[in-house]
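Enquirer: Got a structure for you, written out below as structure tokens; questions coming shortly.
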Amino acid sequence: MKRLGVNIDHIATLRNARGEKHPDPINAAKKVISYGADSVTIHLREDRRHIIDSDVKRIKKETFLPVNLEMAATEEMQQIATEVIPNAVCLVPEKREERTTEGGLDVITEENKLKTFLDPIIQKKIRVSLFVSPDISQIEAASRVGANIIELNTGTFCDLLIENNKKEYLKEFEKLKEASVYGKNLGLEIHGGHGLTFESVKYIASIPEIRELNIGHFLISQAVFDGIEKTINTMRLEIDNSQKK
């Protein structure tokens, strides 16, 4: 069974809109756990636009499921990760002006920097994931710098599917499948994430090599209408059914 990681960043976004304490991301973490999530993903951005430092510490302390900490490769984030000791860190590219993470990490260009950056994190026995595009050369570089996991960026595929550009989304789907096989053969665990919905997850979850799917914005948005329990249960069902075809 593929694992489902639920990103709760936008529970914090809603809280921060009023500058109050509700809704509480820690309560959200506990709820998604009880409704069938296998892990909780949180992205501590440099600008703290949603998750903040106290959220990271409380979620790690007060929940029992694995915490996947998304972050940029900065000295500040390295220090936080080695103090908090999440189950895993997922390095993502980050720009202040972006609305969400855009594209995969350029591991090739940053290879030497990333090796040095990751060393103290690896020494703490924290699993390392790199968010990359389905590009063979980037996957090879991820393996060289010491990653245990790659999270393939499914955003391009999801955008093309929404546009109903069948020729291009099927081409991107093939790239994701080939990248998954290649990464697994290098000894990497394969995850997928970004932009996934009930419709697009049917494709991505059908890829045998992908072990975990990390989904956030869609689940939290859909929960406004259907409730978080029903939304997670429906996503879990779509993921499970996709593997039976």
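Please note that chains go A, B, ... in the order of the structure tokens, that every chain numbers its residues from 1, and that ligands are numbered from 1 in the order shown.
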Would you return as a PyMOL selection string the members of segment 49-166 of chain A that DSSP assigns to alpha helix (DSSP H) on this structure's backbone?
Expert: chain A and resi 53-62+75-84+111-123+136-144+155-162+166
Enquirer: Go ahead and write the residues just picked, N, CA and C atoms, as a short mmCIF file (atom, residue, chain, number, x, y, z; two decimals), in the first residue's frame.
Expert:
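What follows is the written file again-v4.cif:
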data_model
loop_
_atom_site.label_atom_id
_atom_site.label_comp_id
_atom_site.auth_asym_id
_atom_site.auth_seq_id
_atom_site.Cartn_x
_atom_site.Cartn_y
_atom_site.Cartn_z
N ASP A 53 8.03 28.44 13.43
CA ASP A 53 8.97 27.60 14.18
C ASP A 53 8.29 26.82 15.31
N SER A 54 7.38 27.49 16.02
CA SER A 54 6.72 26.81 17.13
C SER A 54 5.83 25.67 16.65
N ASP A 55 5.27 25.79 15.44
CA ASP A 55 4.48 24.70 14.86
C ASP A 55 5.35 23.46 14.67
N VAL A 56 6.54 23.67 14.14
CA VAL A 56 7.46 22.55 13.87
C VAL A 56 7.77 21.80 15.15
N LYS A 57 8.11 22.55 16.18
CA LYS A 57 8.49 21.92 17.45
C LYS A 57 7.31 21.19 18.08
N ARG A 58 6.13 21.81 18.06
CA ARG A 58 4.96 21.17 18.69
C ARG A 58 4.49 19.94 17.92
N ILE A 59 4.49 20.03 16.58
CA ILE A 59 4.05 18.88 15.79
C ILE A 59 4.99 17.70 15.99
N LYS A 60 6.27 17.97 16.05
CA LYS A 60 7.23 16.89 16.29
C LYS A 60 7.04 16.28 17.67
N LYS A 61 6.75 17.12 18.66
CA LYS A 61 6.63 16.67 20.04
C LYS A 61 5.30 16.01 20.33
N GLU A 62 4.21 16.52 19.75
CA GLU A 62 2.87 16.12 20.16
C GLU A 62 2.18 15.13 19.24
N GLU A 75 21.54 27.74 5.99
CA GLU A 75 22.17 27.45 7.28
C GLU A 75 21.14 27.46 8.41
N GLU A 76 20.20 28.41 8.35
CA GLU A 76 19.15 28.48 9.36
C GLU A 76 18.33 27.20 9.41
N MET A 77 17.93 26.69 8.25
CA MET A 77 17.11 25.49 8.19
C MET A 77 17.89 24.24 8.60
N GLN A 78 19.16 24.23 8.27
CA GLN A 78 20.01 23.12 8.70
C GLN A 78 20.05 23.02 10.21
N GLN A 79 20.19 24.17 10.87
CA GLN A 79 20.24 24.20 12.33
C GLN A 79 18.91 23.74 12.93
N ILE A 80 17.80 24.20 12.36
CA ILE A 80 16.49 23.80 12.87
C ILE A 80 16.29 22.30 12.72
N ALA A 81 16.64 21.77 11.57
CA ALA A 81 16.45 20.33 11.31
C ALA A 81 17.28 19.48 12.26
N THR A 82 18.50 19.87 12.52
CA THR A 82 19.36 19.06 13.39
C THR A 82 18.99 19.20 14.86
N GLU A 83 18.22 20.23 15.19
CA GLU A 83 17.72 20.37 16.56
C GLU A 83 16.41 19.62 16.76
N VAL A 84 15.51 19.72 15.79
CA VAL A 84 14.18 19.12 15.91
C VAL A 84 14.21 17.62 15.62
N GLU A 111 25.52 20.78 -6.50
CA GLU A 111 25.94 19.48 -5.97
C GLU A 111 26.96 19.60 -4.82
N ASN A 112 27.99 20.36 -5.00
CA ASN A 112 29.02 20.46 -3.95
C ASN A 112 28.46 21.11 -2.69
N LYS A 113 27.65 22.15 -2.88
CA LYS A 113 27.03 22.83 -1.74
C LYS A 113 26.12 21.88 -0.97
N LEU A 114 25.33 21.09 -1.71
CA LEU A 114 24.37 20.19 -1.07
C LEU A 114 25.07 19.07 -0.29
N LYS A 115 26.18 18.58 -0.81
CA LYS A 115 26.92 17.55 -0.08
C LYS A 115 27.34 18.07 1.29
N THR A 116 27.89 19.27 1.31
CA THR A 116 28.33 19.87 2.58
C THR A 116 27.13 20.16 3.48
N PHE A 117 26.07 20.69 2.90
CA PHE A 117 24.87 21.04 3.66
C PHE A 117 24.25 19.81 4.32
N LEU A 118 24.20 18.71 3.60
CA LEU A 118 23.50 17.52 4.08
C LEU A 118 24.29 16.71 5.10
N ASP A 119 25.58 16.88 5.15
CA ASP A 119 26.41 16.03 6.02
C ASP A 119 25.95 16.01 7.47
N PRO A 120 25.76 17.16 8.14
CA PRO A 120 25.30 17.12 9.54
C PRO A 120 23.89 16.57 9.71
N ILE A 121 23.05 16.73 8.69
CA ILE A 121 21.69 16.18 8.73
C ILE A 121 21.74 14.66 8.65
N ILE A 122 22.56 14.15 7.75
CA ILE A 122 22.72 12.70 7.61
C ILE A 122 23.32 12.10 8.87
N GLN A 123 24.27 12.82 9.49
CA GLN A 123 24.89 12.33 10.73
C GLN A 123 23.86 12.17 11.85
N ILE A 136 16.74 12.48 -15.54
CA ILE A 136 17.71 11.44 -15.16
C ILE A 136 18.98 12.04 -14.55
N SER A 137 19.49 13.10 -15.14
CA SER A 137 20.74 13.68 -14.64
C SER A 137 20.55 14.27 -13.24
N GLN A 138 19.39 14.85 -12.96
CA GLN A 138 19.12 15.39 -11.62
C GLN A 138 18.99 14.25 -10.60
N ILE A 139 18.40 13.15 -11.02
CA ILE A 139 18.24 12.00 -10.13
C ILE A 139 19.61 11.39 -9.81
N GLU A 140 20.47 11.31 -10.80
CA GLU A 140 21.83 10.80 -10.56
C GLU A 140 22.57 11.70 -9.56
N ALA A 141 22.41 13.00 -9.72
CA ALA A 141 23.07 13.94 -8.81
C ALA A 141 22.51 13.81 -7.40
N ALA A 142 21.19 13.60 -7.29
CA ALA A 142 20.57 13.41 -5.97
C ALA A 142 21.17 12.21 -5.25
N SER A 143 21.41 11.15 -5.99
CA SER A 143 22.03 9.96 -5.41
C SER A 143 23.45 10.26 -4.95
N ARG A 144 24.17 11.02 -5.74
CA ARG A 144 25.58 11.33 -5.41
C ARG A 144 25.71 12.17 -4.15
N GLY A 155 3.92 18.43 -10.68
CA GLY A 155 3.18 19.65 -11.00
C GLY A 155 2.95 19.87 -12.48
N THR A 156 3.97 19.62 -13.30
CA THR A 156 3.82 19.81 -14.75
C THR A 156 2.76 18.87 -15.31
N PHE A 157 2.82 17.61 -14.88
CA PHE A 157 1.81 16.65 -15.32
C PHE A 157 0.41 17.11 -14.93
N CYS A 158 0.24 17.54 -13.70
CA CYS A 158 -1.08 17.95 -13.21
C CYS A 158 -1.61 19.15 -13.99
N ASP A 159 -0.74 20.10 -14.29
CA ASP A 159 -1.16 21.28 -15.06
C ASP A 159 -1.62 20.87 -16.46
N LEU A 160 -0.87 19.99 -17.11
CA LEU A 160 -1.22 19.54 -18.46
C LEU A 160 -2.52 18.74 -18.46
N LEU A 161 -2.75 17.98 -17.39
CA LEU A 161 -4.00 17.22 -17.28
C LEU A 161 -5.19 18.16 -17.15
N ILE A 162 -5.05 19.19 -16.34
CA ILE A 162 -6.12 20.18 -16.18
C ILE A 162 -6.43 20.86 -17.51
N LYS A 166 -3.74 16.11 -23.88
CA LYS A 166 -3.49 14.68 -23.71
C LYS A 166 -2.11 14.26 -24.21
#
Enquirer: Please list as a list in words every residue within 9 Å of segment 19-34 of chain A, counting only C-alpha atoms and excluding residues in the same chain fewer than 3 positions away.
Expert: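 Near neighbours after the sequence-gap exclusion: Val6, Asn7, Ile8, Asp9, His10, Ile11, Ala12, Leu14, Arg15, Asn16, Ala37, Asp38, Ser39, Val40, Ile51, Asp55, Arg58, Ile59, Glu62, Thr63, Phe64, Leu65, Ile228, Glu229 and Ile232 of chain A.
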Enquirer: Can you spit out the residues from that selection as an mmCIF file, in the first residue's frame, using N, CA and C atoms?
Expert:
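Once written, again_37.cif looks like this:
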data_model
loop_
_atom_site.group_PDB
_atom_site.id
_atom_site.type_symbol
_atom_site.label_atom_id
_atom_site.label_comp_id
_atom_site.auth_asym_id
_atom_site.auth_seq_id
_atom_site.Cartn_x
_atom_site.Cartn_y
_atom_site.Cartn_z
ATOM 1 N N VAL A 6 0.178 14.043 4.282
ATOM 2 C CA VAL A 6 -0.716 15.200 4.150
ATOM 3 C C VAL A 6 0.024 16.463 4.592
ATOM 4 N N ASN A 7 0.096 17.412 3.681
ATOM 5 C CA ASN A 7 0.732 18.696 3.968
ATOM 6 C C ASN A 7 -0.307 19.640 4.574
ATOM 7 N N ILE A 8 -0.016 20.139 5.772
ATOM 8 C CA ILE A 8 -0.996 20.972 6.496
ATOM 9 C C ILE A 8 -0.601 22.451 6.525
ATOM 10 N N ASP A 9 0.275 22.866 5.609
ATOM 11 C CA ASP A 9 0.717 24.264 5.573
ATOM 12 C C ASP A 9 -0.451 25.250 5.579
ATOM 13 N N HIS A 10 -1.487 24.932 4.801
ATOM 14 C CA HIS A 10 -2.525 25.947 4.597
ATOM 15 C C HIS A 10 -3.567 25.983 5.700
ATOM 16 N N ILE A 11 -3.487 25.072 6.635
ATOM 17 C CA ILE A 11 -4.189 25.277 7.903
ATOM 18 C C ILE A 11 -3.544 26.469 8.613
ATOM 19 N N ALA A 12 -2.212 26.506 8.567
ATOM 20 C CA ALA A 12 -1.489 27.628 9.177
ATOM 21 C C ALA A 12 -1.728 28.925 8.412
ATOM 22 N N LEU A 14 -4.474 29.836 6.981
ATOM 23 C CA LEU A 14 -5.775 30.326 7.443
ATOM 24 C C LEU A 14 -5.658 30.944 8.836
ATOM 25 N N ARG A 15 -4.918 30.291 9.718
ATOM 26 C CA ARG A 15 -4.710 30.845 11.063
ATOM 27 C C ARG A 15 -4.036 32.209 10.994
ATOM 28 N N ASN A 16 -2.993 32.291 10.163
ATOM 29 C CA ASN A 16 -2.200 33.516 10.098
ATOM 30 C C ASN A 16 -2.978 34.690 9.505
ATOM 31 N N ALA A 37 -3.857 9.338 7.346
ATOM 32 C CA ALA A 37 -2.574 9.772 6.788
ATOM 33 C C ALA A 37 -1.442 8.942 7.393
ATOM 34 N N ASP A 38 -0.386 8.764 6.615
ATOM 35 C CA ASP A 38 0.775 8.008 7.095
ATOM 36 C C ASP A 38 1.886 8.922 7.598
ATOM 37 N N SER A 39 1.839 10.187 7.234
ATOM 38 C CA SER A 39 2.829 11.150 7.709
ATOM 39 C C SER A 39 2.264 12.550 7.556
ATOM 40 N N VAL A 40 2.930 13.489 8.202
ATOM 41 C CA VAL A 40 2.543 14.898 8.135
ATOM 42 C C VAL A 40 3.689 15.671 7.501
ATOM 43 N N ILE A 51 3.540 27.884 8.053
ATOM 44 C CA ILE A 51 4.122 27.194 9.214
ATOM 45 C C ILE A 51 5.189 28.073 9.859
ATOM 46 N N ASP A 55 5.271 25.789 15.436
ATOM 47 C CA ASP A 55 4.482 24.695 14.864
ATOM 48 C C ASP A 55 5.349 23.459 14.672
ATOM 49 N N ARG A 58 6.133 21.805 18.060
ATOM 50 C CA ARG A 58 4.957 21.173 18.686
ATOM 51 C C ARG A 58 4.494 19.943 17.918
ATOM 52 N N ILE A 59 4.488 20.029 16.583
ATOM 53 C CA ILE A 59 4.052 18.884 15.787
ATOM 54 C C ILE A 59 4.990 17.703 15.990
ATOM 55 N N GLU A 62 4.213 16.523 19.746
ATOM 56 C CA GLU A 62 2.873 16.125 20.160
ATOM 57 C C GLU A 62 2.180 15.130 19.236
ATOM 58 N N THR A 63 2.816 14.755 18.131
ATOM 59 C CA THR A 63 2.230 13.753 17.237
ATOM 60 C C THR A 63 3.183 12.574 17.122
ATOM 61 N N PHE A 64 2.619 11.420 16.784
ATOM 62 C CA PHE A 64 3.451 10.216 16.768
ATOM 63 C C PHE A 64 3.786 9.736 15.360
ATOM 64 N N LEU A 65 3.178 10.307 14.338
ATOM 65 C CA LEU A 65 3.500 9.883 12.979
ATOM 66 C C LEU A 65 4.740 10.614 12.471
ATOM 67 N N ILE A 228 -12.420 17.319 6.320
ATOM 68 C CA ILE A 228 -11.093 16.727 6.147
ATOM 69 C C ILE A 228 -11.143 15.197 6.173
ATOM 70 N N GLU A 229 -12.025 14.626 6.994
ATOM 71 C CA GLU A 229 -12.078 13.166 7.068
ATOM 72 C C GLU A 229 -12.533 12.568 5.740
ATOM 73 N N ILE A 232 -9.776 13.058 2.940
ATOM 74 C CA ILE A 232 -8.647 12.134 3.046
ATOM 75 C C ILE A 232 -9.071 10.715 2.697
#
Enquirer: Each residue of segment 130-185 of chain A lying at most 12 Å from segment 214-221 of chain A should get a row with its shortest atom-to-atom pair and the distance in Å to one decimal, counting only C-alpha atoms; could you produce that, ordered by chain and increasing number, as a Markdown table?
Expert:
| residue | atom | partner | partner_atom | distance |
| --- | --- | --- | --- | --- |
| A:Phe131 | CA | A:Asn214 | CA | 11.2 |
| A:Ile150 | CA | A:Asn214 | CA | 11.9 |
| A:Glu151 | CA | A:Asn214 | CA | 8.7 |
| A:Leu152 | CA | A:Asn214 | CA | 10.2 |
| A:Asn153 | CA | A:Asn214 | CA | 10.4 |
| A:Thr154 | CA | A:Asn214 | CA | 10.3 |
| A:Gly155 | CA | A:Ile215 | CA | 11.2 |
| A:Cys158 | CA | A:Phe218 | CA | 11.8 |
Enquirer: Measure the distance from atom CA of Gly193 of chain A to atom CA of Arg18 of chain A in Å and round it to one decimal.
Expert: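 Taking atom CA of Gly193 of chain A and atom CA of Arg18 of chain A, their separation equals 28.8 Å.
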Enquirer: What does the distance between atom CA of Gly227 of chain A and atom CA of Tyr35 of chain A come to in Å, to one decimal place?
Expert: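 Computed distance, atom CA of Gly227 of chain A to atom CA of Tyr35 of chain A, equals 11.0 Å.
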